[in-house]
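This is my_file-v3.cif. It holds mmCIF, C-alpha atoms.
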data_data
#
loop_
_atom_site.group_PDB
_atom_site.id
_atom_site.type_symbol
_atom_site.label_atom_id
_atom_site.label_comp_id
_atom_site.auth_asym_id
_atom_site.auth_seq_id
_atom_site.Cartn_x
_atom_site.Cartn_y
_atom_site.Cartn_z
ATOM 1 C CA MET A 1 0.000 0.000 0.000
ATOM 2 C CA ALA A 2 1.238 3.487 -0.855
ATOM 3 C CA THR A 3 2.452 5.679 1.990
ATOM 4 C CA GLU A 4 2.065 8.984 0.111
ATOM 5 C CA LEU A 5 -0.463 10.676 -2.105
ATOM 6 C CA HIS A 6 0.142 13.342 -4.691
ATOM 7 C CA VAL A 7 -1.705 16.604 -3.975
ATOM 8 C CA GLU A 8 -2.534 19.459 -6.341
ATOM 9 C CA LEU A 9 -4.141 22.566 -4.814
ATOM 10 C CA VAL A 10 -5.229 24.789 -7.679
ATOM 11 C CA ALA A 11 -7.123 28.093 -7.588
ATOM 12 C CA ALA A 12 -8.911 29.615 -10.558
ATOM 13 C CA ASP A 13 -5.928 31.884 -11.214
ATOM 14 C CA ARG A 14 -2.893 29.750 -10.252
ATOM 15 C CA ASN A 15 -1.352 26.526 -9.035
ATOM 16 C CA VAL A 16 -1.185 27.137 -5.265
ATOM 17 C CA TRP A 17 0.654 24.034 -4.013
ATOM 18 C CA SER A 18 1.757 20.686 -5.368
ATOM 19 C CA GLY A 19 3.595 17.856 -3.685
ATOM 20 C CA GLU A 20 3.525 14.607 -1.779
ATOM 21 C CA ALA A 21 1.528 14.249 1.429
ATOM 22 C CA THR A 22 0.507 11.684 4.021
ATOM 23 C CA LEU A 23 -2.795 13.345 5.010
ATOM 24 C CA VAL A 24 -5.070 16.122 3.761
ATOM 25 C CA VAL A 25 -7.992 17.487 5.791
ATOM 26 C CA ALA A 26 -10.602 19.643 4.056
ATOM 27 C CA ARG A 27 -14.167 20.814 4.633
ATOM 28 C CA THR A 28 -16.770 19.463 2.223
ATOM 29 C CA ALA A 29 -20.514 19.973 1.917
ATOM 30 C CA SER A 30 -20.861 16.710 3.915
ATOM 31 C CA GLY A 31 -18.453 17.785 6.660
ATOM 32 C CA ASP A 32 -14.724 17.601 7.288
ATOM 33 C CA ILE A 33 -12.875 14.807 5.504
ATOM 34 C CA GLY A 34 -9.404 13.371 5.928
ATOM 35 C CA VAL A 35 -7.770 11.755 2.920
ATOM 36 C CA MET A 36 -4.816 9.419 3.303
ATOM 37 C CA PRO A 37 -3.030 7.186 0.786
ATOM 38 C CA GLY A 38 -5.309 4.367 -0.336
ATOM 39 C CA HIS A 39 -8.525 6.297 0.395
ATOM 40 C CA GLN A 40 -11.603 5.314 -1.572
ATOM 41 C CA PRO A 41 -12.151 7.385 -4.719
ATOM 42 C CA LEU A 42 -14.217 10.477 -4.003
ATOM 43 C CA LEU A 43 -15.654 13.563 -5.608
ATOM 44 C CA GLY A 44 -17.095 16.324 -3.452
ATOM 45 C CA VAL A 45 -17.868 19.991 -3.105
ATOM 46 C CA LEU A 46 -15.398 22.052 -1.067
ATOM 47 C CA GLU A 47 -16.823 24.464 1.454
ATOM 48 C CA SER A 48 -14.951 27.538 2.642
ATOM 49 C CA GLY A 49 -12.470 26.562 5.296
ATOM 50 C CA PRO A 50 -8.847 25.834 6.069
ATOM 51 C CA VAL A 51 -7.221 22.904 4.274
ATOM 52 C CA THR A 52 -4.407 21.162 6.144
ATOM 53 C CA ILE A 53 -1.799 19.184 4.213
ATOM 54 C CA ARG A 54 0.676 17.010 6.136
ATOM 55 C CA THR A 55 3.628 16.772 3.797
ATOM 56 C CA SER A 56 5.750 13.663 3.335
ATOM 57 C CA ASP A 57 8.749 15.368 4.929
ATOM 58 C CA GLY A 58 6.807 15.991 8.167
ATOM 59 C CA GLY A 59 5.838 19.603 7.440
ATOM 60 C CA THR A 60 2.415 21.166 7.360
ATOM 61 C CA VAL A 61 0.885 23.362 4.679
ATOM 62 C CA ILE A 62 -2.295 25.269 5.532
ATOM 63 C CA ALA A 63 -4.412 27.106 2.998
ATOM 64 C CA ALA A 64 -7.596 29.155 3.173
ATOM 65 C CA VAL A 65 -9.904 27.713 0.519
ATOM 66 C CA HIS A 66 -13.149 29.302 -0.619
ATOM 67 C CA GLY A 67 -15.378 26.906 -2.543
ATOM 68 C CA GLY A 68 -14.553 24.431 -5.271
ATOM 69 C CA PHE A 69 -14.219 20.683 -5.685
ATOM 70 C CA ILE A 70 -12.188 17.819 -4.225
ATOM 71 C CA SER A 71 -11.360 14.686 -6.187
ATOM 72 C CA PHE A 72 -9.326 11.616 -5.234
ATOM 73 C CA ALA A 73 -8.412 8.594 -7.354
ATOM 74 C CA ASP A 74 -5.268 6.509 -7.880
ATOM 75 C CA ASN A 75 -3.504 8.217 -4.942
ATOM 76 C CA LYS A 76 -3.903 11.639 -6.580
ATOM 77 C CA LEU A 77 -5.860 14.315 -4.726
ATOM 78 C CA SER A 78 -7.021 17.412 -6.568
ATOM 79 C CA LEU A 79 -8.381 20.418 -4.728
ATOM 80 C CA LEU A 80 -9.837 22.791 -7.312
ATOM 81 C CA ALA A 81 -10.750 25.996 -5.517
ATOM 82 C CA GLU A 82 -12.419 29.196 -6.590
ATOM 83 C CA ILE A 83 -9.989 31.072 -4.314
ATOM 84 C CA ALA A 84 -7.082 29.628 -2.306
ATOM 85 C CA GLU A 85 -4.268 31.252 -0.333
ATOM 86 C CA LEU A 86 -1.452 29.640 1.601
ATOM 87 C CA SER A 87 -1.493 30.764 5.233
ATOM 88 C CA ASP A 88 1.932 32.401 4.943
ATOM 89 C CA GLU A 89 0.615 34.584 2.089
ATOM 90 C CA ILE A 90 -2.162 36.041 4.242
ATOM 91 C CA ASP A 91 -1.716 39.530 5.671
ATOM 92 C CA VAL A 92 -3.286 39.192 9.145
ATOM 93 C CA GLN A 93 -3.956 42.907 9.643
ATOM 94 C CA ARG A 94 -5.621 43.171 6.239
ATOM 95 C CA ALA A 95 -7.773 40.102 6.981
ATOM 96 C CA GLU A 96 -8.782 41.569 10.355
ATOM 97 C CA ARG A 97 -9.774 44.851 8.692
ATOM 98 C CA ALA A 98 -11.751 42.935 6.058
ATOM 99 C CA LEU A 99 -13.577 41.026 8.805
ATOM 100 C CA GLU A 100 -14.507 44.220 10.651
ATOM 101 C CA ARG A 101 -15.638 45.883 7.411
ATOM 102 C CA ALA A 102 -17.753 42.846 6.476
ATOM 103 C CA LYS A 103 -19.379 42.828 9.913
ATOM 104 C CA SER A 104 -20.233 46.532 9.730
ATOM 105 C CA ASP A 105 -21.598 46.089 6.181
ATOM 106 C CA ALA A 106 -23.540 42.951 7.231
ATOM 107 C CA ASP A 107 -21.904 41.104 4.311
ATOM 108 C CA ALA A 108 -22.084 37.447 5.373
ATOM 109 C CA SER A 109 -20.040 36.033 2.482
ATOM 110 C CA ALA A 110 -17.217 38.574 2.945
ATOM 111 C CA GLU A 111 -17.295 37.891 6.679
ATOM 112 C CA ARG A 112 -17.005 34.140 6.035
ATOM 113 C CA ARG A 113 -14.031 34.649 3.655
ATOM 114 C CA ALA A 114 -12.196 36.865 6.158
ATOM 115 C CA ASP A 115 -12.917 34.434 8.982
ATOM 116 C CA VAL A 116 -11.523 31.493 6.980
ATOM 117 C CA ARG A 117 -8.380 33.467 6.182
ATOM 118 C CA LEU A 118 -7.853 34.247 9.876
ATOM 119 C CA ARG A 119 -8.496 30.619 10.900
ATOM 120 C CA ALA A 120 -5.921 29.444 8.347
ATOM 121 C CA VAL A 121 -3.344 31.831 9.796
ATOM 122 C CA SER A 122 -4.115 30.883 13.407
ATOM 123 C CA THR A 123 -3.460 27.183 12.733
ATOM 124 C CA ARG A 124 -0.008 27.612 11.099
#

Please render this file's structure as C-alpha cells.
Amino acid sequence: MATELHVELVAADRNVWSGEATLVVARTASGDIGVMPGHQPLLGVLESGPVTIRTSDGGTVIAAVHGGFISFADNKLSLLAEIAELSDEIDVQRAERALERAKSDADASAERRADVRLRAVSTR
C-alpha cells in the first residue's frame, strides 16, 4: 500500500501548491474529511475553510480555501478551488480589517471569507 499521495491545490488563477503528502484534511458539503493514501475514490464539493496538508517530509501546509471541488483517485488528490491562499501569504492585519468591514456592512459572504483566512493563519 502506498504511503504517500500526490496533492494538487489549484485556484482559478494559479497553481497554489503541489507535492507529496501523508494526510489532507478539508471541509466538504458533507463535513470535514481526511484523505490518506489508499482512500476510496471520491468527488465532493469544497466548502470555505482551512485545508491542512501534512507533507511527506513531516511539514504542514495550511491554505484558506473558498469553494470548489475535491477529487481523489489513484492516490492523486485534486483540490480545485475558486480562491485559495497559503497561510503564509495572508496579511493578518488586512484580513482583520476585512472582517470588521464585512461585519459593519452585514456582508455574510465577505465575513465568512475573512474568517476562513484568519483561521488558516491561526493554525499555522

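Proximity to Leu5 of chain A was assessed for A:Gly31, A:Pro41, A:Gly59, A:Gly19 counting all atoms listed in the file; the smallest distance is recorded for A:Gly19.
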
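Compared by their closest atoms to Val61 of chain A, and using only C-alpha atoms, the residues A:Val45, A:Val92, A:Leu86, A:Ala11 rank with A:Leu86 nearest.
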
(message) For segment 67-75 of chain A, find every residue with an atom within 6 Å (counting only C-alpha atoms), except residues of its own chain fewer than 4 positions away, and show them as a PyMOL selection string.
(response) chain A and resi 5+37+41-48+79-82

(request) Quick one: residues within 10 Å of (-15.7, 34.2, 1.5) (file frame), counting only C-alpha atoms, please, as a PyMOL selection string. (result) chain A and resi 47-49+64-67+83+107-117

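The shortest atom-to-atom distance to Ile53 of chain A, with only C-alpha atoms taken into account, belongs to A:His6 out of A:Arg14, A:Arg119, A:His6, A:Arg101.
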
(request) I would like the residues chosen by the PyMOL selection byres ((chain A and resi 26) around 8) on the shown file; could you give them as a VMD selection string? (result) chain A and resid 24 to 25 27 to 28 32 to 34 46 49 to 52

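Selection result for the displayed file, with the PyMOL selection byres ((chain A and resi 4) around 10) as criterion, is Met1, Ala2, Thr3, Leu5, His6, Val7, Gly19, Glu20, Ala21, Thr22, Leu23, Met36, Pro37, Gly38, Thr55, Ser56, Asn75 and Lys76 of chain A.
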
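For segment 87-90 of chain A, the list of residues within 6 Å, based on only C-alpha atoms and with local chain neighbours fewer than 4 positions off taken out, reads Ile62, Ala63, Ala120 and Val121 of chain A.
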
Please save C-alpha atoms of the selected residues as a tab-separated table (two decimals), in the frame of the given file.
chain	number	residue	atom	x	y	z
A	62	ILE	CA	-2.30	25.27	5.53
A	63	ALA	CA	-4.41	27.11	3.00
A	120	ALA	CA	-5.92	29.44	8.35
A	121	VAL	CA	-3.34	31.83	9.80

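Proximity of A:Glu8, A:Ser122, A:Val16, A:Glu96 to Ala84 of chain A, computed with all atoms listed in the file, is greatest for A:Val16.
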
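Proximity ranking of A:Asn15, A:Val35, A:Thr60, A:Leu118 relative to Arg97 of chain A places A:Leu118 first, based on only C-alpha atoms.
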
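Here atom CA of Ala29 of chain A stands at a distance of 23.2 Å from atom CA of Leu99 of chain A.
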
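Going from atom CA of Asp91 of chain A to atom CA of Ala106 of chain A covers 22.1 Å.
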
Show me, as lines of an AutoDock Vina configuration file, the centre and edge lengths in Å to one decimal of the axis-aligned box that covers every listed atom of segment 58-76 of chain A with 8 Å on each side.
center_x = -4.3
center_y = 17.9
center_z = 0.1
size_x = 38.2
size_y = 38.8
size_z = 32.0

(request) Could you please determine the separation between atom CA of Gln40 of chain A and atom CA of Leu77 of chain A in Å, to one decimal place? (result) 11.1 Å

Could you extract segment 59-71 of chain A of the given structure into a file holding all heavy atoms, as an mmCIF file, in the first residue's frame?
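Output file out-v1.cif is given in full below:
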data_model
loop_
_atom_site.group_PDB
_atom_site.id
_atom_site.type_symbol
_atom_site.label_atom_id
_atom_site.label_comp_id
_atom_site.auth_asym_id
_atom_site.auth_seq_id
_atom_site.Cartn_x
_atom_site.Cartn_y
_atom_site.Cartn_z
ATOM 1 N N GLY A 59 6.307 18.225 7.329
ATOM 2 C CA GLY A 59 5.838 19.603 7.440
ATOM 3 C C GLY A 59 4.325 19.697 7.326
ATOM 4 O O GLY A 59 3.627 18.708 7.105
ATOM 5 N N THR A 60 3.845 20.897 7.478
ATOM 6 C CA THR A 60 2.415 21.166 7.360
ATOM 7 C C THR A 60 2.209 22.388 6.483
ATOM 8 O O THR A 60 2.871 23.405 6.670
ATOM 9 C CB THR A 60 1.789 21.429 8.745
ATOM 10 O OG1 THR A 60 2.002 20.281 9.576
ATOM 11 C CG2 THR A 60 0.292 21.679 8.632
ATOM 12 N N VAL A 61 1.284 22.253 5.540
ATOM 13 C CA VAL A 61 0.885 23.362 4.679
ATOM 14 C C VAL A 61 -0.580 23.634 4.992
ATOM 15 O O VAL A 61 -1.396 22.706 4.998
ATOM 16 C CB VAL A 61 1.057 23.008 3.183
ATOM 17 C CG1 VAL A 61 0.498 24.104 2.305
ATOM 18 C CG2 VAL A 61 2.518 22.745 2.878
ATOM 19 N N ILE A 62 -0.905 24.902 5.256
ATOM 20 C CA ILE A 62 -2.295 25.269 5.532
ATOM 21 C C ILE A 62 -2.703 26.333 4.526
ATOM 22 O O ILE A 62 -1.955 27.271 4.264
ATOM 23 C CB ILE A 62 -2.473 25.783 6.966
ATOM 24 C CG1 ILE A 62 -2.072 24.673 7.943
ATOM 25 C CG2 ILE A 62 -3.907 26.230 7.212
ATOM 26 C CD1 ILE A 62 -2.007 25.088 9.376
ATOM 27 N N ALA A 63 -3.898 26.151 3.979
ATOM 28 C CA ALA A 63 -4.412 27.106 2.998
ATOM 29 C C ALA A 63 -5.849 27.472 3.353
ATOM 30 O O ALA A 63 -6.603 26.649 3.865
ATOM 31 C CB ALA A 63 -4.363 26.511 1.593
ATOM 32 N N ALA A 64 -6.202 28.715 3.066
ATOM 33 C CA ALA A 64 -7.596 29.155 3.173
ATOM 34 C C ALA A 64 -8.213 28.908 1.802
ATOM 35 O O ALA A 64 -7.728 29.425 0.798
ATOM 36 C CB ALA A 64 -7.652 30.632 3.528
ATOM 37 N N VAL A 65 -9.257 28.091 1.772
ATOM 38 C CA VAL A 65 -9.904 27.713 0.519
ATOM 39 C C VAL A 65 -11.352 28.190 0.561
ATOM 40 O O VAL A 65 -12.038 28.019 1.564
ATOM 41 C CB VAL A 65 -9.835 26.183 0.317
ATOM 42 C CG1 VAL A 65 -10.654 25.745 -0.868
ATOM 43 C CG2 VAL A 65 -8.383 25.748 0.159
ATOM 44 N N HIS A 66 -11.794 28.762 -0.544
ATOM 45 C CA HIS A 66 -13.149 29.302 -0.619
ATOM 46 C C HIS A 66 -13.872 28.662 -1.798
ATOM 47 O O HIS A 66 -13.769 29.120 -2.930
ATOM 48 C CB HIS A 66 -13.109 30.824 -0.790
ATOM 49 C CG HIS A 66 -12.271 31.497 0.245
ATOM 50 N ND1 HIS A 66 -12.706 31.719 1.530
ATOM 51 C CD2 HIS A 66 -11.004 31.961 0.198
ATOM 52 C CE1 HIS A 66 -11.747 32.309 2.216
ATOM 53 N NE2 HIS A 66 -10.705 32.462 1.434
ATOM 54 N N GLY A 67 -14.578 27.574 -1.531
ATOM 55 C CA GLY A 67 -15.378 26.906 -2.543
ATOM 56 C C GLY A 67 -14.556 26.136 -3.551
ATOM 57 O O GLY A 67 -13.360 26.335 -3.694
ATOM 58 N N GLY A 68 -15.208 25.208 -4.235
ATOM 59 C CA GLY A 68 -14.553 24.431 -5.271
ATOM 60 C C GLY A 68 -14.911 22.964 -5.172
ATOM 61 O O GLY A 68 -15.973 22.598 -4.667
ATOM 62 N N PHE A 69 -13.981 22.121 -5.638
ATOM 63 C CA PHE A 69 -14.219 20.683 -5.685
ATOM 64 C C PHE A 69 -13.001 19.933 -5.183
ATOM 65 O O PHE A 69 -11.880 20.405 -5.284
ATOM 66 C CB PHE A 69 -14.525 20.236 -7.124
ATOM 67 C CG PHE A 69 -15.764 20.858 -7.670
ATOM 68 C CD1 PHE A 69 -15.700 22.021 -8.407
ATOM 69 C CD2 PHE A 69 -17.010 20.299 -7.418
ATOM 70 C CE1 PHE A 69 -16.839 22.621 -8.901
ATOM 71 C CE2 PHE A 69 -18.155 20.888 -7.891
ATOM 72 C CZ PHE A 69 -18.086 22.052 -8.641
ATOM 73 N N ILE A 70 -13.249 18.723 -4.661
ATOM 74 C CA ILE A 70 -12.188 17.819 -4.225
ATOM 75 C C ILE A 70 -12.394 16.499 -4.955
ATOM 76 O O ILE A 70 -13.528 16.024 -5.090
ATOM 77 C CB ILE A 70 -12.194 17.632 -2.691
ATOM 78 C CG1 ILE A 70 -11.048 16.739 -2.241
ATOM 79 C CG2 ILE A 70 -13.531 17.124 -2.188
ATOM 80 C CD1 ILE A 70 -10.853 16.692 -0.723
ATOM 81 N N SER A 71 -11.297 15.938 -5.446
ATOM 82 C CA SER A 71 -11.360 14.686 -6.187
ATOM 83 C C SER A 71 -10.164 13.827 -5.798
ATOM 84 O O SER A 71 -9.040 14.327 -5.716
ATOM 85 C CB SER A 71 -11.319 14.989 -7.693
ATOM 86 O OG SER A 71 -11.176 13.800 -8.433
#
